[in-house]
Every structure is written in C-alpha cells, then in structure tokens.
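**Student:** So here's coords_18.txt (compact mmCIF, C-alpha atoms).
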```
# COMPACT_ATOMS: atom_id res chain seq x y z
CA MET Y 103 -25.07 14.68 38.89
CA ASN Y 104 -25.73 13.09 35.52
CA LYS Y 105 -24.81 16.36 33.83
CA THR Y 106 -21.53 16.51 35.75
CA VAL Y 107 -20.65 12.97 34.78
CA LEU Y 108 -21.51 13.71 31.15
CA LEU Y 109 -19.35 16.83 31.07
CA GLY Y 110 -16.52 14.96 32.73
CA THR Y 111 -16.78 12.19 30.17
CA LEU Y 112 -16.81 14.67 27.29
CA ALA Y 113 -13.82 16.50 28.73
CA ALA Y 114 -11.91 13.26 29.12
CA SER Y 115 -12.81 12.24 25.58
CA ALA Y 116 -11.66 15.58 24.24
CA LEU Y 117 -8.40 15.30 26.15
CA LEU Y 118 -7.78 11.78 24.82
CA ALA Y 119 -8.63 12.91 21.31
CA GLY Y 120 -6.12 15.74 21.64
CA PHE Y 121 -3.41 13.32 22.72
CA ALA Y 122 -4.26 10.95 19.88
CA SER Y 123 -4.23 13.62 17.20
CA ALA Y 124 -0.86 14.96 18.30
CA GLY Y 125 0.78 11.60 18.94
CA THR Y 126 2.48 10.03 15.96
CA LEU Y 127 3.37 13.21 14.08
CA ASP Y 128 5.06 14.65 17.17
CA ASP Y 129 6.80 11.33 17.84
CA VAL Y 130 8.18 11.16 14.30
CA LYS Y 131 9.38 14.77 14.43
CA ALA Y 132 11.03 14.26 17.83
CA ARG Y 133 12.65 11.00 16.73
CA GLY Y 134 13.82 12.45 13.42
CA GLU Y 135 12.92 9.19 11.72
CA LEU Y 136 9.82 7.55 10.27
CA ILE Y 137 9.37 3.87 11.16
CA CYS Y 138 7.62 2.19 8.26
CA GLY Y 139 6.32 -1.39 8.26
CA VAL Y 140 7.07 -3.00 4.90
CA ASN Y 141 7.05 -6.41 3.22
CA THR Y 142 9.73 -8.93 4.12
CA GLY Y 143 10.69 -8.84 0.45
CA LEU Y 144 8.38 -8.51 -2.57
CA THR Y 145 10.26 -7.42 -5.67
CA GLY Y 146 9.00 -4.16 -7.09
CA PHE Y 147 6.79 -3.36 -4.11
CA GLY Y 148 9.11 -3.51 -1.12
CA ALA Y 149 12.44 -5.33 -0.97
CA PRO Y 150 16.07 -4.54 -0.07
CA ASP Y 151 18.45 -4.01 -2.99
CA ALA Y 152 21.99 -5.40 -3.24
CA ASN Y 153 23.14 -2.81 -0.70
CA GLY Y 154 20.34 -3.60 1.75
CA ASN Y 155 18.40 -0.43 0.95
CA TYR Y 156 14.64 -0.87 0.64
CA GLN Y 157 13.16 0.07 -2.74
CA GLY Y 158 9.80 -0.31 -4.43
CA PHE Y 159 6.31 0.97 -5.16
CA ASP Y 160 5.12 0.80 -1.52
CA VAL Y 161 8.46 2.02 -0.19
CA ALA Y 162 7.98 5.22 -2.21
CA VAL Y 163 5.00 6.06 0.01
CA CYS Y 164 7.23 5.81 3.09
CA LYS Y 165 9.76 8.09 1.42
CA ALA Y 166 7.09 10.62 0.48
CA VAL Y 167 5.83 10.79 4.08
CA ALA Y 168 9.37 11.13 5.47
CA ALA Y 169 10.11 13.91 2.99
CA ALA Y 170 6.88 15.73 3.88
CA VAL Y 171 7.38 15.49 7.64
CA LEU Y 172 11.16 15.44 8.10
CA GLY Y 173 12.44 17.07 4.91
CA ASP Y 174 14.41 13.99 3.89
CA PRO Y 175 13.08 10.87 2.12
CA ASN Y 176 15.96 8.83 3.51
CA LYS Y 177 15.01 9.33 7.15
CA VAL Y 178 13.10 6.05 7.25
CA LYS Y 179 13.66 2.91 9.27
CA TYR Y 180 12.13 -0.05 7.43
CA VAL Y 181 10.70 -2.85 9.55
CA PRO Y 182 9.94 -6.07 7.61
CA THR Y 183 6.55 -7.53 8.55
CA THR Y 184 4.73 -10.70 7.51
CA GLY Y 185 1.02 -11.22 6.87
CA GLU Y 186 0.66 -12.36 10.48
CA THR Y 187 2.82 -9.72 12.21
CA ARG Y 188 2.04 -6.53 10.26
CA PHE Y 189 -1.11 -5.39 12.07
CA THR Y 190 0.24 -6.26 15.52
CA ALA Y 191 3.36 -4.21 14.74
CA LEU Y 192 1.18 -1.23 13.83
CA ALA Y 193 -1.29 -1.57 16.71
CA SER Y 194 1.52 -1.90 19.28
CA GLY Y 195 3.33 1.21 18.05
CA GLU Y 196 6.34 -0.72 16.77
CA VAL Y 197 5.84 1.07 13.43
CA ASP Y 198 4.29 4.45 12.61
CA MET Y 199 2.55 3.22 9.46
CA LEU Y 200 2.30 0.26 7.14
CA ALA Y 201 3.05 0.41 3.42
CA ARG Y 202 3.11 -3.23 2.39
CA ASN Y 203 0.36 -4.49 0.06
CA SER Y 204 -2.35 -4.83 2.71
CA THR Y 205 -6.02 -5.14 1.77
CA TRP Y 206 -8.63 -2.74 3.12
CA THR Y 207 -11.51 -4.75 4.60
CA PHE Y 208 -14.45 -4.05 6.91
CA SER Y 209 -13.10 -6.11 9.82
CA ARG Y 210 -9.60 -4.67 9.62
CA ASP Y 211 -11.05 -1.18 9.62
CA ASN Y 212 -13.50 -1.78 12.47
CA ASP Y 213 -12.42 -4.82 14.49
CA LEU Y 214 -8.66 -4.25 14.32
CA LYS Y 215 -9.16 -0.48 14.70
CA LEU Y 216 -7.01 0.48 11.72
CA ASP Y 217 -7.40 3.28 9.17
CA PHE Y 218 -6.62 2.61 5.52
CA VAL Y 219 -5.93 6.15 4.38
CA ALA Y 220 -6.04 5.56 0.61
CA VAL Y 221 -5.76 2.86 -2.06
CA ASN Y 222 -2.41 3.02 -3.81
CA TYR Y 223 -2.99 -0.20 -5.79
CA TYR Y 224 -6.30 -1.73 -6.90
CA ASP Y 225 -5.69 -5.46 -7.15
CA GLY Y 226 -7.39 -8.85 -7.09
CA GLN Y 227 -6.41 -12.38 -6.10
CA GLY Y 228 -5.12 -14.78 -8.75
CA PHE Y 229 -3.39 -18.14 -9.18
CA MET Y 230 -0.03 -19.15 -10.63
CA VAL Y 231 0.69 -22.70 -11.81
CA HIS Y 232 3.51 -24.64 -13.40
CA LYS Y 233 2.99 -24.59 -17.16
CA ASP Y 234 3.39 -28.38 -17.39
CA LEU Y 235 0.45 -28.86 -15.01
CA GLY Y 236 -1.72 -28.36 -18.09
CA VAL Y 237 -4.26 -26.16 -16.32
CA SER Y 238 -5.82 -23.12 -18.01
CA SER Y 239 -8.44 -22.16 -15.39
CA ALA Y 240 -8.56 -22.03 -11.61
CA LYS Y 241 -11.74 -24.08 -11.79
CA GLU Y 242 -9.57 -26.99 -12.97
CA LEU Y 243 -7.63 -27.05 -9.69
CA ASP Y 244 -9.91 -29.59 -7.97
CA GLY Y 245 -7.79 -31.60 -5.53
CA ALA Y 246 -4.73 -29.37 -5.98
CA THR Y 247 -2.27 -28.40 -3.28
CA ILE Y 248 -2.06 -24.62 -3.00
CA CYS Y 249 0.58 -22.47 -1.30
CA ILE Y 250 -1.02 -19.65 0.65
CA GLN Y 251 0.10 -17.10 3.23
CA THR Y 252 -1.52 -17.31 6.65
CA GLY Y 253 -3.13 -14.26 8.23
CA THR Y 254 -4.29 -12.85 4.89
CA THR Y 255 -7.53 -12.15 3.05
CA THR Y 256 -6.11 -14.50 0.41
CA GLU Y 257 -6.67 -17.44 2.74
CA LEU Y 258 -10.36 -16.60 3.19
CA ASN Y 259 -10.96 -15.81 -0.48
CA LEU Y 260 -9.46 -19.15 -1.49
CA ALA Y 261 -11.85 -21.06 0.76
CA ASP Y 262 -14.81 -19.08 -0.59
CA PHE Y 263 -13.83 -19.67 -4.22
CA PHE Y 264 -13.41 -23.42 -3.90
CA LYS Y 265 -16.60 -23.76 -1.87
CA ALA Y 266 -18.58 -21.72 -4.41
CA ASN Y 267 -17.30 -23.93 -7.24
CA ASN Y 268 -17.81 -27.19 -5.30
CA ILE Y 269 -14.18 -28.27 -5.64
CA GLY Y 270 -11.56 -29.19 -3.07
CA TYR Y 271 -7.94 -28.31 -2.33
CA THR Y 272 -5.18 -28.91 0.21
CA PRO Y 273 -3.60 -25.74 1.63
CA VAL Y 274 0.16 -25.49 2.14
CA THR Y 275 0.54 -22.58 4.54
CA VAL Y 276 3.55 -20.26 4.33
CA ALA Y 277 4.66 -17.17 6.23
CA ASP Y 278 5.59 -14.86 3.35
CA ASP Y 279 6.14 -14.57 -0.40
CA SER Y 280 9.71 -15.85 -0.23
CA GLU Y 281 8.68 -19.07 1.49
CA ALA Y 282 5.75 -19.46 -0.90
CA GLN Y 283 8.10 -19.20 -3.86
CA ARG Y 284 10.51 -21.75 -2.39
CA GLN Y 285 7.75 -24.23 -1.64
CA TYR Y 286 6.11 -23.73 -5.03
CA LEU Y 287 9.36 -24.17 -6.96
CA ALA Y 288 10.24 -27.21 -4.86
CA GLY Y 289 6.99 -28.85 -5.92
CA ALA Y 290 5.34 -28.74 -2.50
CA CYS Y 291 2.25 -27.19 -4.09
CA ASP Y 292 0.62 -27.25 -7.52
CA SER Y 293 -0.36 -23.59 -7.38
CA PHE Y 294 0.51 -20.41 -5.53
CA THR Y 295 -2.25 -17.88 -4.84
CA THR Y 296 -1.96 -14.26 -3.74
CA ASP Y 297 -2.68 -10.80 -5.18
CA ALA Y 298 -2.15 -10.85 -8.95
CA SER Y 299 0.46 -8.11 -8.62
CA GLY Y 300 2.33 -10.25 -6.09
CA LEU Y 301 2.27 -13.22 -8.44
CA ALA Y 302 3.77 -11.08 -11.19
CA ALA Y 303 6.44 -9.82 -8.79
CA VAL Y 304 7.32 -13.35 -7.65
CA ARG Y 305 7.39 -14.74 -11.20
CA ALA Y 306 9.74 -11.95 -12.30
CA THR Y 307 12.42 -13.29 -9.95
CA MET Y 308 12.19 -16.90 -11.17
CA PRO Y 309 15.00 -18.21 -13.38
CA ASP Y 310 12.44 -20.00 -15.59
CA ALA Y 311 9.61 -17.44 -15.49
CA GLU Y 312 8.32 -18.59 -18.88
CA ASN Y 313 7.42 -21.97 -17.36
CA HIS Y 314 4.88 -20.46 -14.98
CA ILE Y 315 1.52 -19.00 -15.96
CA ILE Y 316 -0.91 -16.75 -14.11
CA LEU Y 317 -4.43 -18.09 -14.62
CA PRO Y 318 -7.11 -15.70 -15.94
CA GLU Y 319 -9.45 -15.74 -12.92
CA ILE Y 320 -9.38 -12.80 -10.52
CA ILE Y 321 -11.47 -14.01 -7.59
CA SER Y 322 -11.61 -10.98 -5.29
CA LYS Y 323 -11.28 -7.24 -4.84
CA GLU Y 324 -8.01 -6.33 -3.11
CA PRO Y 325 -7.75 -2.57 -2.51
CA LEU Y 326 -4.22 -2.20 -1.16
CA GLY Y 327 -2.97 0.85 0.67
CA PRO Y 328 -1.05 2.50 3.50
CA VAL Y 329 -2.41 1.95 7.02
CA VAL Y 330 -2.31 3.87 10.32
CA ARG Y 331 -3.92 3.39 13.73
CA HIS Y 332 -7.45 4.53 14.58
CA GLY Y 333 -7.71 7.61 16.77
CA ASP Y 334 -4.73 9.52 15.39
CA ASN Y 335 -6.58 11.54 12.77
CA ASN Y 336 -3.89 14.15 12.26
CA TRP Y 337 -1.30 11.48 11.44
CA GLY Y 338 -3.77 9.76 9.15
CA ASP Y 339 -4.21 13.05 7.30
CA VAL Y 340 -0.45 13.47 6.90
CA VAL Y 341 -0.04 10.01 5.36
CA ARG Y 342 -3.22 10.33 3.25
CA TRP Y 343 -2.39 13.70 1.72
CA SER Y 344 1.28 12.84 1.21
CA TYR Y 345 0.03 10.00 -0.98
CA TYR Y 346 -2.57 12.13 -2.76
CA ALA Y 347 0.11 14.73 -3.50
CA LEU Y 348 1.75 12.08 -5.71
CA VAL Y 349 -1.50 11.40 -7.57
CA ALA Y 350 -2.30 15.10 -7.95
CA ALA Y 351 1.20 15.70 -9.29
CA GLU Y 352 0.60 13.19 -12.08
CA GLU Y 353 -2.77 14.79 -12.82
CA LYS Y 354 -1.10 18.20 -13.09
CA GLY Y 355 1.99 17.07 -15.02
CA ILE Y 356 4.39 17.75 -12.15
CA THR Y 357 7.40 15.41 -12.28
CA GLN Y 358 10.53 14.88 -10.24
CA ALA Y 359 12.51 16.55 -13.05
CA ASN Y 360 10.31 19.60 -13.72
CA ILE Y 361 9.02 20.43 -10.25
CA GLU Y 362 11.24 23.51 -9.81
CA GLU Y 363 10.36 24.78 -13.29
CA VAL Y 364 6.65 24.30 -12.59
CA ALA Y 365 6.98 26.09 -9.25
CA ALA Y 366 8.63 29.06 -10.96
CA SER Y 367 6.15 29.40 -13.83
CA THR Y 368 2.75 27.91 -12.95
CA GLN Y 369 -0.41 29.99 -13.08
CA ASP Y 370 -2.61 27.08 -11.89
CA PRO Y 371 -4.07 28.02 -8.48
CA GLU Y 372 -4.27 24.39 -7.31
CA VAL Y 373 -0.67 23.70 -8.33
CA LYS Y 374 0.34 26.80 -6.38
CA ARG Y 375 -1.47 25.46 -3.30
CA ILE Y 376 0.11 22.01 -3.70
CA LEU Y 377 3.63 23.41 -4.05
CA GLY Y 378 3.18 25.85 -1.16
CA LEU Y 379 3.25 29.00 -3.27
CA GLU Y 380 -0.19 30.13 -2.13
CA GLY Y 381 -2.25 29.43 0.97
CA ASP Y 382 -0.94 27.34 3.84
CA LEU Y 383 -2.35 23.84 3.60
CA GLY Y 384 0.59 22.41 5.53
CA ALA Y 385 -0.26 24.37 8.67
CA MET Y 386 -3.61 22.59 8.85
CA MET Y 387 -1.70 19.33 9.50
CA GLY Y 388 1.23 20.70 11.48
CA LEU Y 389 3.60 20.83 8.51
CA ASP Y 390 5.29 23.65 6.60
CA LYS Y 391 4.32 25.10 3.22
CA GLU Y 392 6.53 22.86 1.07
CA TRP Y 393 5.59 19.46 2.52
CA ALA Y 394 3.85 18.26 -0.68
CA LYS Y 395 6.60 19.60 -2.92
CA ARG Y 396 9.13 17.49 -1.00
CA ALA Y 397 6.85 14.43 -1.08
CA ILE Y 398 6.67 14.66 -4.88
CA ALA Y 399 10.38 15.33 -5.30
CA ALA Y 400 11.29 12.27 -3.21
CA SER Y 401 10.52 9.65 -5.91
CA GLY Y 402 8.41 11.49 -8.48
CA ASN Y 403 4.68 11.48 -9.08
CA TYR Y 404 2.44 8.41 -8.87
CA GLY Y 405 2.88 7.52 -12.54
CA GLU Y 406 6.66 7.86 -12.35
CA ILE Y 407 6.80 5.61 -9.29
CA PHE Y 408 4.56 3.00 -10.94
CA ALA Y 409 6.63 2.99 -14.14
CA ALA Y 410 9.97 2.77 -12.33
CA THR Y 411 9.07 -0.01 -9.89
CA ILE Y 412 6.37 -2.30 -11.29
CA GLY Y 413 5.32 -0.94 -14.69
CA GLU Y 414 5.42 -2.45 -18.15
CA GLY Y 415 9.04 -1.42 -18.63
CA THR Y 416 10.18 -3.44 -15.62
CA SER Y 417 10.64 -7.19 -15.21
CA ILE Y 418 7.29 -7.31 -13.38
CA GLY Y 419 5.50 -5.76 -16.34
CA LEU Y 420 2.23 -4.58 -14.81
CA ALA Y 421 -0.10 -2.45 -16.90
CA ARG Y 422 -1.72 0.52 -15.20
CA GLY Y 423 -5.24 -0.92 -15.64
CA LEU Y 424 -7.45 0.15 -12.74
CA ASN Y 425 -4.48 2.11 -11.39
CA ALA Y 426 -4.48 4.57 -14.27
CA LEU Y 427 -5.69 8.08 -13.57
CA TYR Y 428 -9.45 8.59 -13.72
CA THR Y 429 -8.91 10.68 -16.86
CA GLN Y 430 -7.43 7.58 -18.52
CA GLY Y 431 -10.12 5.10 -17.48
CA GLY Y 432 -8.64 4.13 -14.13
CA LEU Y 433 -9.59 4.69 -10.49
CA GLN Y 434 -6.72 6.84 -9.25
CA TYR Y 435 -8.10 10.23 -8.33
CA ALA Y 436 -6.86 12.88 -5.89
CA PRO Y 437 -9.41 14.93 -3.91
CA PRO Y 438 -9.08 18.70 -4.40
CA PHE Y 439 -6.22 20.54 -2.70
CA ARG Y 440 -8.08 23.58 -1.42
```
Is it possible to express this structure as structure tokens?
**Tutor:**
Amino acid sequence: MNKTVLLGTLAASALLAGFASAGTLDDVKARGELICGVNTGLTGFGAPDANGNYQGFDVAVCKAVAAAVLGDPNKVKYVPTTGETRFTALASGEVDMLARNSTWTFSRDNDLKLDFVAVNYYDGQGFMVHKDLGVSSAKELDGATICIQTGTTTELNLADFFKANNIGYTPVTVADDSEAQRQYLAGACDSFTTDASGLAAVRATMPDAENHIILPEIISKEPLGPVVRHGDNNWGDVVRWSYYALVAAEEKGITQANIEEVAASTQDPEVKRILGLEGDLGAMMGLDKEWAKRAIAASGNYGEIFAATIGEGTSIGLARGLNALYTQGGLQYAPPFR
C-alpha cells in the first residue's frame, strides 16, 4: 500500500512537472506575444519614449526573449510594475517574466518561489543628496529624512546601515522612482536612496543635475536580473540563455551590424553553435536553430546594449565596472554553449 501511494505521488509529481515545464513557453507561442513586467519608468533601464514605446537596458532583455521565441523583438506587451506589485504580478501569471532592476535575494528565491535566471547588472545601494546640504558621506546623515521605495531590499539595507552606524533617520516612503524624485526635489527628504545605477538614472533627468551628488558609500550587494516563476524550468532556460547569448556575443565579437558576416565566415565551433549553424541547441528548449541569432540581432550584444542605454556616452554615464566582461576585469561571463 505504501509503495502504491509512493508511486502515485511520484507519477503526480512527474505530471505536474511536465505541465510546469511546458507552461509559459507554450502560452507565449500561442498568444504570439511576450508579457514583460518592467519598471514604471526608470530612464535608461526601462521607460517609455516620446512615442510611448518602452526602451532601455532591461527592456532589451524582453526584446531578446521575444525575438528568440517569437521571431520578432517587437512582440512584447510591457506591464509597468512597482517595487510592491512586481512579484505579485509575476506569481499570479499577469506577466511571463520580470526585467526591471530587481535584486536576487535568498528569501525572494525561496520564500516567494521565484527564479532569478541571471545577473544582468551588478549593483549596490547608494545615496544622493542636495549639494547644498554640505554632506560628503552617508555617515553624516544622522537625523536626515530619506526617500525610499517600499517593498524593496533598499528599505531593509537602509535600516541595517543606520543601525550599524548608530545613527538615526526618518523614512519618507514612496511607491516608485518618479515619486521619489518628485518628493526629493520638493524638499520632502534630505536624501534619496536606491541602487546606485538608479540614482544615476534619476539624476540624469534632473534640470539641475550638477546640484545633486551621489555619496561614495555603497552599502549593499544588489545583483539585478530577469526573474521567472519557480517550477517552469524550461521557460527559465529560455530566458536565461537568451540573456547569455547577448553576453557570449560580446565575448565573441558578434555585433548587431556584423552578425550576418560572422555567420557566413566564422570557423569558431562555439559561434557556429550559437548562431545555429551547427548542432541544434534550440531544440533542447523547444526553439528553432536561429533563436540566439535573433536574440542578438534584436538590440545587439550585451556591450552594445550597455553603451546605448546607460553607458558613459549617455546622460546616465555609467562605467562598465563590475559589469565588464570577465576578460576585462568584470563579472559578466557566459557559460559554454555546447
């Protein structure tokens, strides 16, 4: 009897696992559209342009996945989500994936039952202050009012930092970056804290950006990346490897402009596998041979996307830093395509 129950349980588990693994990829294919949860509006990372079309560093991941799965990077519906609503939107099935500067943590992985498939931006939490406040270190913010988004790791890190340094603060809670900027500029808070990349993005949109400084302290590790639901391993693989195709393309010198030339002339076995010229990696995930080629062609390789959206040549002006390739002293590194 115990053996029968055990076999029944295993069979049920296998059946559920089969449903889970087939779920989101089949849904996206049947729908003909990827539903991507993005930021409500963070310049450079995910924000609508003048025509209402979402653009940015995180948005490029959505486009890469849509290109890989559906053959068209424009077949994406963007759903704006806040720090408080993003994980509920994903867990409930309202969106197929998140690509909106979300930090990978133990509790989000295990308690919320989410899978962070990769880290597309290694970041850390910082502080921005009005220049005339006369502060040069976050440790000088004793008694300050600080604008902070609710439902974020930022909120917890802030409490830890001030407690560890035996100083106090008054939080001014906000729903998103736009509200934080409004409150900060209106003088409702002395400082605004979030990921350092977010601070740079917000400052870039200010009319008097030179009057605001980002303090030197980085008080946390914030590995940011695309997120999917637990239990749908096949879909997680699709999103993960669509992202890593962008990193591998930079490693191999494949760009949006030269991809056809590389495909016609390469003798590199791994490049041939990535571009679908040899082997059939796509079939292992339920995709065709050219899935990665399309993902790369959508917005370019990882370095091209970084440079075009948030890099030193943009108003945001972020250096590659930890997000350089591993061959250049950074942490970005694609597992082997074989």
**Student:** So what do you get for CA of Phe189 in chain Y versus CA of Thr205 in chain Y, distance-wise?
**Tutor:** 11.4 Å
**Student:** Please list as a ChimeraX atom specification every residue within 10 Å of range 378-386 of chain Y, counting only C-alpha atoms and excluding residues in the same chain fewer than 2 positions away.
**Tutor:** /Y:170-171,336,339-340,343,365-366,368,371-376,388-395,439-440
**Student:** For range 397-412 of chain Y, work out the shell of residues within 6 Å, counting only C-alpha atoms and skipping chain neighbours fewer than 6 positions away, then give it as a list in words.
**Tutor:**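 Listed by chain and then number, they are Gly146, Gly158, Phe159, Ala166, Ala169, Ala170, Pro175, Leu348, Val349, Ala351, Glu352, Thr357, Gln358, Ile418 and Leu420 of chain Y.
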**Student:** For a quick check of understanding, using all atoms listed in the file, which of Y:Arg422, Y:Arg188, Y:Arg396, Y:Arg133 has the smallest distance to Ala277 in chain Y?
**Tutor:** Y:Arg188
**Student:** Could you tell me how far CA of Gly125 in chain Y sits from CA of Pro437 in chain Y, in Å to one decimal place?
**Tutor:**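 Taking CA of Pro437 in chain Y as the start and CA of Gly125 in chain Y as the end point, the length is 25.2 Å.
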**Student:** Counting all atoms listed in the file, which residues sit no farther than 10 Å from the position (-4.1, 3.8, 11.5) in the file's frame? I'd like them as a PyMOL selection string.
**Tutor:** chain Y and resi 189+192-193+198-200+211+214-219+328-335+337-338+341
**Student:** Rounded to one decimal place, report the CA of Trp206 in chain Y-CA of Ala298 in chain Y distance in Å.
**Tutor:**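 We find that CA of Trp206 in chain Y and CA of Ala298 in chain Y lie 15.9 Å from each other.
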**Student:** At a cut-off of 6 Å, using only C-alpha atoms, what residues contact Asp297 in chain Y? Leave out same-chain residues fewer than 2 positions from it and give the result as a PDB file with C-alpha atoms, in the coordinates of the input.
**Tutor:**
```
ATOM      1  CA  GLY Y 226      -7.390  -8.850  -7.090  1.00  0.00           C
ATOM      2  CA  GLN Y 227      -6.410 -12.380  -6.100  1.00  0.00           C
ATOM      3  CA  GLY Y 228      -5.120 -14.780  -8.750  1.00  0.00           C
ATOM      4  CA  SER Y 299       0.460  -8.110  -8.620  1.00  0.00           C
ATOM      5  CA  GLY Y 300       2.330 -10.250  -6.090  1.00  0.00           C
TER       6      GLY Y 300
END
```
**Student:** As a PDB file with C-alpha atoms, in the frame of the given file, please: the residues near Ser322 in chain Y (cut-off 12 Å, all atoms listed in the file, same-chain neighbours under 2 positions excluded).
**Tutor:**
```pdb
ATOM      1  CA  THR Y 205      -6.020  -5.140   1.770  1.00  0.00           C
ATOM      2  CA  THR Y 207     -11.510  -4.750   4.600  1.00  0.00           C
ATOM      3  CA  TYR Y 224      -6.300  -1.730  -6.900  1.00  0.00           C
ATOM      4  CA  ASP Y 225      -5.690  -5.460  -7.150  1.00  0.00           C
ATOM      5  CA  GLY Y 226      -7.390  -8.850  -7.090  1.00  0.00           C
ATOM      6  CA  GLN Y 227      -6.410 -12.380  -6.100  1.00  0.00           C
ATOM      7  CA  GLY Y 228      -5.120 -14.780  -8.750  1.00  0.00           C
ATOM      8  CA  PHE Y 229      -3.390 -18.140  -9.180  1.00  0.00           C
ATOM      9  CA  THR Y 255      -7.530 -12.150   3.050  1.00  0.00           C
ATOM     10  CA  THR Y 256      -6.110 -14.500   0.410  1.00  0.00           C
ATOM     11  CA  GLU Y 257      -6.670 -17.440   2.740  1.00  0.00           C
ATOM     12  CA  LEU Y 258     -10.360 -16.600   3.190  1.00  0.00           C
ATOM     13  CA  ASN Y 259     -10.960 -15.810  -0.480  1.00  0.00           C
ATOM     14  CA  LEU Y 260      -9.460 -19.150  -1.490  1.00  0.00           C
ATOM     15  CA  ALA Y 261     -11.850 -21.060   0.760  1.00  0.00           C
ATOM     16  CA  ASP Y 262     -14.810 -19.080  -0.590  1.00  0.00           C
ATOM     17  CA  PHE Y 263     -13.830 -19.670  -4.220  1.00  0.00           C
ATOM     18  CA  THR Y 295      -2.250 -17.880  -4.840  1.00  0.00           C
ATOM     19  CA  THR Y 296      -1.960 -14.260  -3.740  1.00  0.00           C
ATOM     20  CA  ASP Y 297      -2.680 -10.800  -5.180  1.00  0.00           C
ATOM     21  CA  ALA Y 298      -2.150 -10.850  -8.950  1.00  0.00           C
ATOM     22  CA  GLU Y 319      -9.450 -15.740 -12.920  1.00  0.00           C
ATOM     23  CA  ILE Y 320      -9.380 -12.800 -10.520  1.00  0.00           C
ATOM     24  CA  GLU Y 324      -8.010  -6.330  -3.110  1.00  0.00           C
ATOM     25  CA  PRO Y 325      -7.750  -2.570  -2.510  1.00  0.00           C
TER      26      PRO Y 325
END
```
**Student:** Excluding same-chain residues fewer than 5 positions from Tyr223 in chain Y, what lies within 7 Å of it counting all atoms listed in the file, as a list in words?
**Tutor:** Pro325, Leu326, Gly327 and Asn425 of chain Y
**Student:** Identify the residues within 12 Å of coordinate (-11.6, -30.4, -12.1) (same frame as the file), considering only C-alpha atoms, and give the answer as a ChimeraX atom specification.
**Tutor:** /Y:236-246,264,267-271
**Student:** Rank nothing, just name the residue among Y:Ala306, Y:Ala290, Y:Ala426, Y:Leu144 nearest to Asp278 in chain Y, using all atoms listed in the file.
**Tutor:**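 Nearest to Asp278 in chain Y: Y:Leu144.
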**Student:** Give the padded box for range 225-230 of chain Y as AutoDock Vina command-line options: axis-aligned, covering all atoms listed in the file, 3 Å on each side, centre and edge lengths in Å to one decimal.
**Tutor:**
```
--center_x -3.7 --center_y -12.3 --center_z -8.4 --size_x 13.4 --size_y 19.7 --size_z 10.5
```
**Student:** Between Y:Lys354, Y:Arg202, Y:Gly143, Y:Thr126, single out the one closest to Gln283 in chain Y, counting all atoms listed in the file.
**Tutor:**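 Under the stated criterion, the closest residue is Y:Gly143.
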**Student:** Counting all atoms listed in the file, which of Y:Lys179, Y:Lys323, Y:Arg284, Y:His314 gets nearest to Asn155 in chain Y?
**Tutor:** Y:Lys179
**Student:** Let me make sure I understand: among Y:Thr184, Y:Pro150, Y:Gly253, Y:Ala436, which one has the smallest atom-to-atom distance to Tyr345 in chain Y if we use all atoms listed in the file?
**Tutor:**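 For Tyr345 in chain Y, the nearest of the candidates is Y:Ala436.
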